[in-house]
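Visitor: My structure is stored as coords_33.tsv, with TSV, C-alpha atoms.
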```
chain	number	residue	atom	x	y	z
Z	1048	MET	CA	58.36	12.88	-3.44
Z	1049	ALA	CA	55.57	14.80	-1.71
Z	1050	THR	CA	54.36	13.29	1.51
Z	1051	ARG	CA	50.71	13.27	2.42
Z	1052	GLY	CA	50.13	16.61	3.96
Z	1053	PHE	CA	47.59	18.18	6.20
Z	1054	ARG	CA	45.12	18.69	3.39
Z	1055	TYR	CA	45.06	14.99	2.54
Z	1056	TYR	CA	44.24	13.98	6.09
Z	1057	THR	CA	41.53	16.57	6.54
Z	1058	THR	CA	39.94	15.55	3.27
Z	1059	SER	CA	40.09	11.86	4.21
Z	1060	ALA	CA	38.67	12.62	7.64
Z	1061	SER	CA	35.83	14.63	6.18
Z	1062	LYS	CA	35.01	11.84	3.75
Z	1063	PHE	CA	35.15	9.31	6.57
Z	1064	ILE	CA	32.75	11.17	8.83
Z	1065	ARG	CA	30.35	11.73	5.96
Z	1066	VAL	CA	30.29	8.03	5.15
Z	1067	VAL	CA	29.92	7.00	8.79
Z	1068	ALA	CA	27.10	9.50	9.32
Z	1069	ALA	CA	25.30	8.26	6.21
Z	1070	ILE	CA	25.58	4.64	7.34
Z	1071	HIS	CA	24.39	5.58	10.82
Z	1072	LEU	CA	21.39	7.36	9.32
Z	1073	LEU	CA	20.62	4.29	7.24
Z	1074	HIS	CA	20.90	1.99	10.24
Z	1075	THR	CA	18.74	4.09	12.50
Z	1076	TYR	CA	15.98	5.15	10.15
Z	1077	VAL	CA	15.88	2.67	7.25
Z	1078	PHE	CA	16.95	-0.88	8.06
Z	1079	GLU	CA	19.29	-2.91	10.22
Z	1080	PHE	CA	20.59	-6.45	10.47
Z	1081	ALA	CA	20.49	-7.76	14.01
Z	1082	ILE	CA	21.18	-11.02	15.80
Z	1083	THR	CA	18.58	-12.34	18.20
Z	1084	GLY	CA	19.02	-14.58	21.21
Z	1085	GLY	CA	17.00	-16.05	24.02
Z	1086	LEU	CA	14.20	-18.50	24.65
Z	1087	SER	CA	11.24	-16.16	24.56
Z	1088	MET	CA	10.42	-16.42	20.85
Z	1089	LEU	CA	10.73	-20.20	20.40
Z	1090	PRO	CA	9.88	-21.86	18.08
Z	1091	THR	CA	9.76	-18.85	15.74
Z	1092	LEU	CA	13.31	-17.74	16.46
Z	1093	HIS	CA	16.20	-19.94	17.59
Z	1094	THR	CA	17.86	-19.49	20.96
Z	1095	VAL	CA	21.04	-18.32	19.24
Z	1096	GLY	CA	22.14	-17.62	15.72
Z	1097	ASP	CA	19.11	-16.02	14.09
Z	1098	HIS	CA	20.09	-13.09	11.90
Z	1099	VAL	CA	17.08	-10.88	11.32
Z	1100	PHE	CA	16.28	-7.99	9.01
Z	1101	LEU	CA	14.67	-5.06	10.79
Z	1102	ASP	CA	12.50	-2.74	8.75
Z	1103	LYS	CA	12.77	0.62	10.44
Z	1104	TYR	CA	11.65	2.93	7.69
Z	1105	ASN	CA	8.07	1.70	7.66
Z	1106	HIS	CA	7.69	0.64	11.25
Z	1107	ARG	CA	9.71	2.95	13.52
Z	1108	LEU	CA	7.67	4.42	16.36
Z	1109	GLY	CA	4.99	1.79	15.80
Z	1110	ARG	CA	3.82	3.05	12.40
Z	1111	ASN	CA	1.71	0.54	10.43
Z	1112	ILE	CA	2.03	-2.10	13.12
Z	1113	LYS	CA	-0.61	-4.85	13.04
Z	1114	VAL	CA	-1.45	-7.72	15.36
Z	1115	GLY	CA	0.89	-10.62	14.60
Z	1116	ASP	CA	3.91	-8.51	13.64
Z	1117	VAL	CA	7.19	-9.49	15.25
Z	1118	VAL	CA	8.71	-6.24	16.46
Z	1119	VAL	CA	11.86	-5.12	18.21
Z	1120	ILE	CA	11.33	-2.56	20.96
Z	1121	SER	CA	13.54	-0.76	23.46
Z	1122	LYS	CA	13.24	-2.66	26.69
Z	1123	PRO	CA	11.07	-0.58	29.03
Z	1124	THR	CA	12.87	-1.62	32.19
Z	1125	GLU	CA	16.47	-1.43	31.01
Z	1126	GLU	CA	18.37	1.19	29.03
Z	1127	HIS	CA	20.31	0.49	25.83
Z	1128	THR	CA	18.67	-2.93	25.48
Z	1129	ARG	CA	16.22	-4.20	22.90
Z	1130	ILE	CA	13.77	-7.06	23.01
Z	1131	CYS	CA	11.97	-8.92	20.26
Z	1132	LYS	CA	8.36	-9.96	20.77
Z	1133	ARG	CA	5.13	-10.35	18.83
Z	1134	VAL	CA	2.35	-7.77	18.83
Z	1135	ALA	CA	-0.74	-9.31	20.41
Z	1136	ALA	CA	-3.04	-6.29	20.59
Z	1137	VAL	CA	-3.27	-2.75	19.24
Z	1138	PRO	CA	-4.93	0.38	20.74
Z	1139	GLY	CA	-8.57	-0.17	21.55
Z	1140	ASP	CA	-8.30	-3.95	21.94
Z	1141	ILE	CA	-9.10	-5.63	25.23
Z	1142	VAL	CA	-6.70	-8.30	26.51
Z	1143	TYR	CA	-6.95	-10.75	29.34
Z	1144	CYS	CA	-3.73	-10.65	31.28
Z	1145	ASP	CA	-3.03	-14.19	32.45
Z	1146	ALA	CA	-1.04	-15.16	35.48
Z	1147	MET	CA	1.21	-17.69	33.75
Z	1148	PRO	CA	3.65	-19.11	36.28
Z	1149	LYS	CA	7.31	-18.48	35.70
Z	1150	ALA	CA	10.48	-19.62	37.37
Z	1151	PRO	CA	11.05	-17.76	40.65
Z	1152	MET	CA	13.83	-15.19	40.55
Z	1153	ARG	CA	17.21	-16.82	41.24
Z	1154	PRO	CA	20.74	-15.53	40.80
Z	1155	GLY	CA	22.17	-16.66	37.45
Z	1156	LEU	CA	18.82	-17.35	35.83
Z	1157	SER	CA	18.45	-15.31	32.68
Z	1158	ASP	CA	16.04	-12.41	32.58
Z	1159	ASP	CA	13.69	-14.05	30.08
Z	1160	LEU	CA	12.71	-16.74	32.52
Z	1161	VAL	CA	11.77	-14.86	35.66
Z	1162	GLY	CA	8.75	-12.77	36.33
Z	1163	LEU	CA	9.22	-9.22	37.56
Z	1164	SER	CA	7.16	-8.47	40.60
Z	1165	SER	CA	3.94	-7.22	39.08
Z	1166	SER	CA	3.50	-4.65	41.81
Z	1167	MET	CA	6.60	-2.95	40.45
Z	1168	THR	CA	5.10	-2.57	37.05
Z	1169	ASN	CA	1.53	-1.94	38.12
Z	1170	VAL	CA	0.03	-4.47	35.75
Z	1171	ARG	CA	-3.01	-6.30	36.95
Z	1172	THR	CA	-2.86	-10.02	36.29
Z	1173	GLY	CA	-6.04	-12.02	35.98
Z	1174	LYS	CA	-7.88	-8.90	34.73
Z	1175	TYR	CA	-9.12	-7.47	31.49
Z	1176	ILE	CA	-7.08	-4.53	30.24
Z	1177	LYS	CA	-8.03	-2.12	27.47
Z	1178	ILE	CA	-5.04	-1.00	25.44
Z	1179	PRO	CA	-4.83	2.81	25.63
Z	1180	GLU	CA	-4.21	4.92	22.51
Z	1181	GLY	CA	-0.62	4.92	21.35
Z	1182	HIS	CA	0.25	1.63	23.10
Z	1183	ILE	CA	0.55	-2.02	22.06
Z	1184	TRP	CA	0.49	-5.34	23.91
Z	1185	ILE	CA	3.45	-7.57	23.18
Z	1186	LEU	CA	3.75	-11.27	23.89
Z	1187	GLY	CA	6.60	-13.71	23.40
Z	1188	ASP	CA	5.78	-16.81	21.33
Z	1189	ASN	CA	7.20	-18.95	24.12
Z	1190	ALA	CA	4.91	-17.46	26.72
Z	1191	MET	CA	6.24	-19.67	29.47
Z	1192	ALA	CA	9.71	-18.15	29.28
Z	1193	SER	CA	9.06	-14.62	28.15
Z	1194	LEU	CA	9.13	-11.22	29.84
Z	1195	ASP	CA	6.56	-9.16	27.96
Z	1196	SER	CA	3.45	-7.04	28.41
Z	1197	ARG	CA	2.26	-9.33	31.19
Z	1198	GLU	CA	4.99	-7.67	33.23
Z	1199	TYR	CA	5.49	-4.34	31.46
Z	1200	GLY	CA	1.87	-3.54	30.75
Z	1201	PRO	CA	0.85	-1.92	27.49
Z	1202	VAL	CA	4.03	-0.63	25.85
Z	1203	PRO	CA	4.09	2.83	24.17
Z	1204	LYS	CA	4.33	2.54	20.38
Z	1205	ALA	CA	7.16	5.07	20.41
Z	1206	LEU	CA	9.43	2.37	21.84
Z	1207	VAL	CA	9.10	0.26	18.70
Z	1208	VAL	CA	12.41	0.22	16.82
Z	1209	GLY	CA	11.38	-1.84	13.83
Z	1210	LYS	CA	9.59	-4.88	12.48
Z	1211	VAL	CA	11.33	-8.19	11.82
Z	1212	LEU	CA	10.71	-9.14	8.21
Z	1213	TRP	CA	12.79	-12.29	7.94
Z	1214	ALA	CA	15.25	-14.36	9.91
Z	1215	GLU	CA	18.13	-16.47	8.67
Z	1216	TYR	CA	19.44	-19.11	10.97
Z	1217	TRP	CA	23.21	-19.13	10.83
Z	1218	GLY	CA	24.35	-21.43	13.59
Z	1219	PRO	CA	26.82	-20.21	16.15
Z	1220	PHE	CA	30.48	-20.25	15.16
Z	1221	ASP	CA	32.40	-23.02	16.84
Z	1222	TRP	CA	35.99	-24.22	16.69
Z	1223	LEU	CA	36.12	-27.95	16.10
Z	1224	PRO	CA	37.85	-29.76	18.94
Z	1225	ASN	CA	40.37	-32.59	18.49
Z	1226	TRP	CA	37.82	-35.17	19.50
Z	1227	PRO	CA	34.26	-35.93	18.45
Z	1228	ARG	CA	31.74	-33.48	19.86
Z	1229	LYS	CA	29.05	-34.56	22.30
Z	1230	VAL	CA	25.64	-34.80	20.74
Z	1231	GLY	CA	23.87	-31.48	21.10
Z	1232	SER	CA	26.92	-29.66	22.47
Z	1233	ASN	CA	26.97	-27.16	19.64
Z	1234	ILE	CA	23.61	-25.78	20.66
Z	1235	GLU	CA	23.96	-23.32	23.48
Z	1236	ALA	CA	21.84	-24.56	26.36
Z	1237	THR	CA	20.75	-22.80	29.48
Z	1238	ASP	CA	21.07	-24.67	32.71
Z	1239	LEU	CA	17.33	-25.01	32.87
Z	1240	LYS	CA	15.46	-28.05	34.07
Z	1241	VAL	CA	11.84	-28.97	33.56
Z	1242	ALA	CA	11.17	-28.59	37.27
Z	1243	ASP	CA	12.17	-24.92	36.95
Z	1244	LEU	CA	9.21	-24.16	34.72
Z	1245	LEU	CA	6.47	-25.98	36.57
Z	1246	PRO	CA	4.23	-23.97	38.89
Z	1247	SER	CA	5.94	-23.96	42.21
Z	1248	SER	CA	4.86	-23.25	45.73
Z	1249	HIS	CA	5.96	-19.62	45.25
Z	1250	SER	CA	3.02	-17.48	44.31
Z	1251	ARG	CA	3.61	-14.58	41.94
Z	1252	THR	CA	3.32	-11.40	43.96
P	1345	MET	CA	29.69	35.36	-35.80
P	1346	PRO	CA	26.68	33.69	-34.26
P	1347	SER	CA	27.96	30.06	-34.39
P	1348	MET	CA	31.19	30.91	-32.52
P	1349	SER	CA	29.39	32.80	-29.73
P	1350	SER	CA	26.74	30.09	-29.37
P	1351	ARG	CA	29.45	27.43	-29.04
P	1352	PHE	CA	31.12	29.53	-26.36
P	1353	ARG	CA	27.85	29.86	-24.48
P	1354	LEU	CA	27.25	26.07	-24.64
P	1355	ARG	CA	30.70	25.25	-23.25
P	1356	ASN	CA	30.17	27.72	-20.45
P	1357	ALA	CA	26.73	26.29	-19.68
P	1358	SER	CA	28.12	22.76	-19.41
P	1359	ALA	CA	30.89	23.95	-17.12
P	1360	THR	CA	28.44	25.82	-14.89
P	1361	PHE	CA	26.16	22.81	-14.76
P	1362	LYS	CA	29.01	20.48	-13.78
P	1363	TYR	CA	30.19	22.88	-11.10
P	1364	THR	CA	26.69	23.36	-9.68
P	1365	SER	CA	25.89	19.67	-9.61
P	1366	LYS	CA	29.23	18.82	-8.04
P	1367	THR	CA	28.80	21.46	-5.34
P	1368	LEU	CA	25.25	20.27	-4.74
P	1369	LEU	CA	26.34	16.66	-4.29
P	1370	ILE	CA	29.11	17.65	-1.90
P	1371	GLY	CA	26.64	19.76	0.04
P	1372	LEU	CA	24.17	16.88	0.17
P	1373	SER	CA	26.85	14.54	1.48
P	1374	TRP	CA	27.13	16.72	4.58
P	1375	VAL	CA	23.42	16.40	5.35
P	1376	PRO	CA	23.78	13.08	7.23
P	1377	VAL	CA	26.47	14.66	9.42
P	1378	VAL	CA	24.19	17.57	10.29
P	1379	ALA	CA	21.36	15.07	10.85
P	1380	TYR	CA	23.59	13.12	13.24
P	1381	VAL	CA	24.37	16.26	15.22
P	1382	ALA	CA	20.68	17.23	15.25
P	1383	ASN	CA	19.59	13.84	16.55
P	1384	HIS	CA	22.41	12.94	18.92
P	1385	VAL	CA	24.18	16.09	20.09
P	1386	VAL	CA	22.19	19.30	20.22
P	1387	TRP	CA	19.51	21.05	18.23
P	1388	ILE	CA	17.18	23.97	18.64
P	1389	GLY	CA	13.45	23.74	19.13
P	1390	VAL	CA	10.38	25.93	19.39
P	1391	ILE	CA	8.27	25.17	22.43
P	1392	ASP	CA	4.54	24.77	21.89
P	1393	GLY	CA	1.78	24.68	24.42
P	1394	SER	CA	1.31	25.84	27.99
P	1395	SER	CA	1.91	22.71	30.06
P	1396	MET	CA	5.17	24.14	31.43
P	1397	THR	CA	3.83	27.63	32.19
P	1398	PRO	CA	5.22	29.76	33.79
P	1399	THR	CA	8.67	28.22	33.39
P	1400	LEU	CA	8.34	27.97	29.61
P	1401	ASN	CA	5.97	29.98	27.39
P	1402	PRO	CA	4.77	32.25	30.22
P	1403	GLU	CA	1.85	34.61	29.81
P	1404	SER	CA	4.30	37.52	29.61
P	1405	ASN	CA	5.49	36.22	26.25
P	1406	GLY	CA	2.18	37.10	24.67
P	1407	LEU	CA	1.92	35.21	21.42
P	1408	ALA	CA	5.64	34.52	21.09
P	1409	LYS	CA	6.89	31.01	21.77
P	1410	ASP	CA	10.05	30.16	23.66
P	1411	VAL	CA	12.95	28.73	21.71
P	1412	ALA	CA	15.31	26.44	23.58
P	1413	LEU	CA	18.38	24.29	23.07
P	1414	LEU	CA	17.61	20.59	23.08
P	1415	TRP	CA	20.58	18.64	24.44
P	1416	LYS	CA	20.56	15.11	23.07
P	1417	LEU	CA	23.93	13.93	24.33
P	1418	ASN	CA	23.40	11.14	26.91
P	1419	ALA	CA	19.66	11.57	26.57
P	1420	LYS	CA	19.08	7.84	27.03
P	1421	SER	CA	21.28	7.44	30.07
P	1422	TYR	CA	19.02	7.01	33.10
P	1423	SER	CA	21.56	7.89	35.77
P	1424	SER	CA	22.47	11.20	34.15
P	1425	TYR	CA	19.14	12.78	35.09
P	1426	LYS	CA	18.50	14.75	38.27
P	1427	ARG	CA	15.25	15.57	39.94
P	1428	GLY	CA	13.86	18.76	38.44
P	1429	ASP	CA	15.37	18.26	34.97
P	1430	VAL	CA	13.12	19.40	32.16
P	1431	ILE	CA	13.03	16.79	29.41
P	1432	VAL	CA	11.56	16.26	25.97
P	1433	LEU	CA	9.90	12.89	25.53
P	1434	ARG	CA	7.75	11.15	22.95
P	1435	ASN	CA	4.08	11.40	23.83
P	1436	PRO	CA	3.00	7.95	25.08
P	1437	ARG	CA	-0.44	8.57	23.62
P	1438	ASP	CA	0.80	9.73	20.21
P	1439	PRO	CA	4.22	8.47	19.13
P	1440	GLU	CA	4.54	11.08	16.37
P	1441	SER	CA	4.54	14.04	18.77
P	1442	THR	CA	6.77	15.08	21.66
P	1443	VAL	CA	6.01	16.70	24.98
P	1444	ILE	CA	8.10	18.64	27.50
P	1445	LYS	CA	7.78	17.86	31.20
P	1446	ARG	CA	9.79	17.97	34.41
P	1447	ILE	CA	11.14	14.91	36.22
P	1448	ILE	CA	9.58	14.51	39.67
P	1449	ALA	CA	10.46	10.95	40.71
P	1450	PHE	CA	12.76	8.06	39.79
P	1451	GLU	CA	12.62	4.26	39.80
P	1452	GLY	CA	11.67	2.65	43.08
P	1453	GLU	CA	10.18	5.79	44.58
P	1454	GLU	CA	6.57	6.06	45.64
P	1455	VAL	CA	4.59	8.99	44.29
P	1456	ARG	CA	1.41	10.58	45.60
P	1457	THR	CA	-0.51	10.94	42.38
P	1458	ARG	CA	-2.91	13.67	41.35
P	1459	PHE	CA	-6.20	13.58	39.45
P	1460	PRO	CA	-6.87	11.78	37.10
P	1461	TYR	CA	-4.56	8.89	38.04
P	1462	PRO	CA	-6.67	5.90	39.21
P	1463	GLU	CA	-4.51	5.03	42.23
P	1464	SER	CA	-3.46	7.41	44.96
P	1465	ARG	CA	0.03	5.92	45.35
P	1466	VAL	CA	2.24	4.32	42.73
P	1467	ILE	CA	5.74	2.83	42.79
P	1468	ILE	CA	7.86	3.77	39.79
P	1469	PRO	CA	9.06	0.69	37.82
P	1470	PRO	CA	12.76	0.19	36.96
P	1471	ARG	CA	14.15	2.75	34.49
P	1472	HIS	CA	10.95	4.82	34.48
P	1473	PHE	CA	10.35	8.47	35.40
P	1474	TRP	CA	7.37	10.25	36.87
P	1475	VAL	CA	7.06	13.50	34.93
P	1476	GLU	CA	4.77	16.43	35.48
P	1477	GLY	CA	4.23	19.74	33.75
P	1478	ASP	CA	4.70	22.91	35.81
P	1479	ASN	CA	1.18	23.96	34.88
P	1480	ILE	CA	-1.41	22.31	37.08
P	1481	HIS	CA	-3.59	21.69	34.02
P	1482	SER	CA	-0.96	19.70	32.14
P	1483	ILE	CA	-1.46	16.18	30.77
P	1484	ASP	CA	1.45	14.26	32.24
P	1485	SER	CA	2.24	11.12	34.25
P	1486	ASN	CA	-0.93	11.74	36.20
P	1487	THR	CA	-2.73	10.77	33.00
P	1488	TYR	CA	-0.44	8.25	31.33
P	1489	GLY	CA	1.61	6.94	34.24
P	1490	PRO	CA	5.38	6.52	34.62
P	1491	ILE	CA	7.34	6.79	31.36
P	1492	PRO	CA	10.25	4.53	30.35
P	1493	ILE	CA	13.70	5.97	29.62
P	1494	GLY	CA	13.29	4.85	25.99
P	1495	LEU	CA	10.79	7.65	25.41
P	1496	VAL	CA	13.13	10.44	26.48
P	1497	THR	CA	14.59	12.39	23.55
P	1498	ALA	CA	16.36	15.46	24.92
P	1499	ARG	CA	17.10	17.69	27.88
P	1500	VAL	CA	15.97	21.32	27.96
P	1501	GLN	CA	18.49	23.40	29.88
P	1502	THR	CA	18.82	26.71	28.06
P	1503	ILE	CA	16.33	29.17	26.62
P	1504	VAL	CA	17.74	31.14	23.73
P	1505	PHE	CA	14.76	33.22	22.68
P	1506	PRO	CA	13.13	35.65	23.57
P	1507	LEU	CA	16.34	37.44	24.50
P	1508	ASN	CA	15.03	38.90	27.73
P	1509	ARG	CA	14.54	35.33	29.04
P	1510	TRP	CA	17.87	34.04	27.75
P	1511	GLY	CA	19.47	31.65	30.24
P	1512	SER	CA	19.04	28.34	31.98
P	1513	VAL	CA	15.68	26.78	32.67
P	1514	PRO	CA	15.02	26.88	36.43
P	1515	LYS	CA	15.51	23.59	38.25
P	1516	VAL	CA	12.40	24.08	40.36
P	1517	GLY	CA	8.87	24.63	39.25
P	1518	GLY	CA	5.55	22.83	39.37
P	1519	ARG	CA	4.89	20.47	42.28
P	1520	ASP	CA	7.48	20.36	45.06
P	1521	PRO	CA	9.04	16.86	44.88
P	1522	ARG	CA	9.05	16.71	48.69
P	1523	SER	CA	5.26	16.71	48.65
P	1524	ALA	CA	5.00	14.40	45.65
P	1525	VAL	CA	7.45	11.67	46.61
P	1526	VAL	CA	6.98	9.62	49.74
P	1527	GLY	CA	10.00	9.53	51.99
P	1528	LEU	CA	12.07	12.22	50.30
P	1529	PRO	CA	14.63	13.70	52.70
P	1530	ARG	CA	14.51	17.44	53.42
P	1531	SER	CA	17.83	18.18	51.80
P	1532	ASN	CA	16.80	17.05	48.30
```
Step by step, read the file and then write its structure as structure tokens.

Guide:
Amino acid sequence: MATRGFRYYTTSASKFIRVVAAIHLLHTYVFEFAITGGLSMLPTLHTVGDHVFLDKYNHRLGRNIKVGDVVVISKPTEEHTRICKRVAAVPGDIVYCDAMPKAPMRPGLSDDLVGLSSSMTNVRTGKYIKIPEGHIWILGDNAMASLDSREYGPVPKALVVGKVLWAEYWGPFDWLPNWPRKVGSNIEATDLKVADLLPSSHSRT
Amino acid sequence: MPSMSSRFRLRNASATFKYTSKTLLIGLSWVPVVAYVANHVVWIGVIDGSSMTPTLNPESNGLAKDVALLWKLNAKSYSSYKRGDVIVLRNPRDPESTVIKRIIAFEGEEVRTRFPYPESRVIIPPRHFWVEGDNIHSIDSNTYGPIPIGLVTARVQTIVFPLNRWGSVPKVGGRDPRSAVVGLPRSN
């Protein structure tokens, strides 16, 4: 009986890389399924477990983006990370950048909930800003716990990865324990208290 | 006899058609692989414009444009860049086009800006670059500010055409980083 020779493996390998490359092309330029997480888009998106469909073909690089679209962009201040926010203004619009208080930076507190020092990102709070050409202003639906254009400033449209068309909530997977669960224990909670989100004596620098 | 020869021609035509279409489909199936290499490994590009004169597209070229290798491996990795690297990035003012500039400053550094930037000093935000063209008339960070790593597409390290300028792109050119960045040590 003939064993699988060299030719079989090279043919299989060539088929494999062609399929993988085609899928990669599809994922990068046409559409993608992604899972979102975090507090910044409540109540539109859940804190965990929302599976979204990203339309890349029509909306990569900020093409055909309108005010009100929920978009996924590459995070300006971190590499290989993406964030999901809503478009609040397009080029030519004028926005008022508010100085909404956020929790002061503390170790262990998730990124969504703290404010970057605005001097680092050169955005003027409490001022009117005109969106330059090629940029958009993004805002999280849960403005109180969202890191968005109030910290980053107007974001270049080229950072837009795609537009979220729909979301399906598929709750987080959980092994059932041998005893009844505590009420609410299957929803992942941050260790956040109300006092954390009230304006504190720290002023935002 | 005409019927026999016409039947022979038909069979041949069908065989040729099948062979051509099969070869075409196999050829097409390799296009995504080439596209992957072009977008994530290395590709070749013609350089337009004079914002990097005289490093790229110098006057001595006449009407000819430089052709360079665009290295896309690790293009989105912030720590892999050194001061003086020439990079290709998406134009912040027009996402459909790309521009080529040189990296002058990194995150956390303070830059003495040039006209027409509104402030004289600026601190670069996390994961952003300050880029400038070697030509003093270029439209660069002095116009649109620091650029995030997400906009960077490729590195330009090698010129392949014209042949008399074949070789690596010089690591210095444009404004001296020591005069642009506040607090830069002499040795850099």

Visitor: So which residues touch stretch 1205-1210 of chain Z within 9 Å, counting all atoms listed in the file, skipping near sequence neighbours fewer than 3 positions away, as a PyMOL selection string?

Guide: (chain Z and resi 1075+1078-1079+1100-1110+1112+1116-1123+1129+1181-1182+1202) or (chain P and resi 1434-1440+1492+1494-1495)

Visitor: Can you work out the spacing between atom CA of P:Val1385 and atom CA of P:Leu1417 in Å, to one decimal?

Guide: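 Between atom CA of P:Val1385 and atom CA of P:Leu1417 the gap is 4.8 Å.
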
Visitor: Given all atoms listed in the file, how would the per-residue table for chain P near chain Z read, listing every residue at most 12 Å away with its closest atom pair and distance in Å to one decimal, sorted by chain and number, as CSV?

Guide:
```
residue,atom,partner,partner_atom,distance
P:Ile1370,CA,Z:Arg1065,CA,9.9
P:Gly1371,CA,Z:Arg1065,CA,10.6
P:Leu1372,CA,Z:Arg1065,CA,9.9
P:Ser1373,CA,Z:Arg1065,CA,6.3
P:Trp1374,CA,Z:Arg1065,CA,6.1
P:Val1375,CA,Z:Arg1065,CA,8.4
P:Pro1376,CA,Z:Ala1069,CA,5.2
P:Val1377,CA,Z:Ala1068,CA,5.2
P:Val1378,CA,Z:Ala1068,CA,8.6
P:Ala1379,CA,Z:Leu1072,CA,7.9
P:Tyr1380,CA,Z:Ala1068,CA,6.4
P:Val1381,CA,Z:Ala1068,CA,9.4
P:Ala1382,CA,Z:Leu1072,CA,11.5
P:Asn1383,CA,Z:Leu1072,CA,9.9
P:His1384,CA,Z:His1071,CA,11.1
P:Asn1418,CA,Z:His1127,CA,11.1
P:Ala1419,CA,Z:Glu1126,CA,10.7
P:Lys1420,CA,Z:Glu1126,CA,7.0
P:Ser1421,CA,Z:Glu1126,CA,7.0
P:Tyr1422,CA,Z:Glu1126,CA,7.1
P:Ser1423,CA,Z:Glu1126,CA,10.0
P:Ser1424,CA,Z:Glu1126,CA,12.0
P:Leu1433,CA,Z:Ala1205,CA,9.7
P:Arg1434,CA,Z:Ala1205,CA,6.6
P:Asn1435,CA,Z:Ala1205,CA,7.8
P:Pro1436,CA,Z:Pro1203,CA,5.3
P:Arg1437,CA,Z:Gly1181,CA,4.3
P:Asp1438,CA,Z:Gly1181,CA,5.1
P:Pro1439,CA,Z:Ala1205,CA,4.7
P:Glu1440,CA,Z:Leu1108,CA,7.4
P:Ser1441,CA,Z:Ala1205,CA,9.5
P:Thr1442,CA,Z:Ala1205,CA,10.1
P:Glu1451,CA,Z:Met1167,CA,9.4
P:Gly1452,CA,Z:Met1167,CA,8.0
P:Glu1453,CA,Z:Met1167,CA,10.3
P:Glu1454,CA,Z:Met1167,CA,10.4
P:Pro1462,CA,Z:Asn1169,CA,11.4
P:Glu1463,CA,Z:Asn1169,CA,10.1
P:Arg1465,CA,Z:Asn1169,CA,10.8
P:Val1466,CA,Z:Asn1169,CA,7.8
P:Ile1467,CA,Z:Met1167,CA,6.3
P:Ile1468,CA,Z:Met1167,CA,6.9
P:Pro1469,CA,Z:Met1167,CA,5.1
P:Pro1470,CA,Z:Thr1124,CA,5.1
P:Arg1471,CA,Z:Thr1124,CA,5.1
P:His1472,CA,Z:Thr1124,CA,7.1
P:Phe1473,CA,Z:Thr1124,CA,10.9
P:Thr1487,CA,Z:Pro1179,CA,11.0
P:Tyr1488,CA,Z:Pro1179,CA,9.0
P:Gly1489,CA,Z:Asn1169,CA,9.7
P:Pro1490,CA,Z:Thr1168,CA,9.4
P:Ile1491,CA,Z:Pro1123,CA,8.6
P:Pro1492,CA,Z:Pro1123,CA,5.3
P:Ile1493,CA,Z:Glu1126,CA,6.7
P:Gly1494,CA,Z:Ser1121,CA,6.2
P:Leu1495,CA,Z:Leu1206,CA,6.5
P:Val1496,CA,Z:Leu1206,CA,10.0
P:Thr1497,CA,Z:Ala1205,CA,10.9
```

Visitor: Between Z:Gly1115, Z:Pro1227, Z:Gly1139, Z:Pro1219, which is the closest to Z:Pro1201 once you count only C-alpha atoms?

Guide: Z:Gly1139

Visitor: Could you check which of Z:Tyr1216, Z:Phe1053, Z:Phe1080, Z:Trp1184 is closest to Z:Tyr1143, using only C-alpha atoms?

Guide: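 Among the listed residues, the smallest separation from Z:Tyr1143 belongs to Z:Trp1184.
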
Visitor: Under the rule that all atoms listed in the file are counted, which of P:Met1396, P:Ala1412, P:Ala1357, P:Val1455 is the nearest residue to P:Trp1510?

Guide: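 The answer is P:Ala1412, which sits nearest to P:Trp1510.
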
Visitor: Quick check, in Å to one decimal: how far apart do atom CA of Z:Cys1144 and atom CA of Z:Tyr1175 lie?

Guide: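 Distance between the two atoms: 6.3 Å.
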
Visitor: Would you mind telling me which residue in Z:Ala1060, Z:Val1211, Z:Ile1141, Z:Ile1130 lies nearest to Z:Ile1178 when using only C-alpha atoms?

Guide: Z:Ile1141
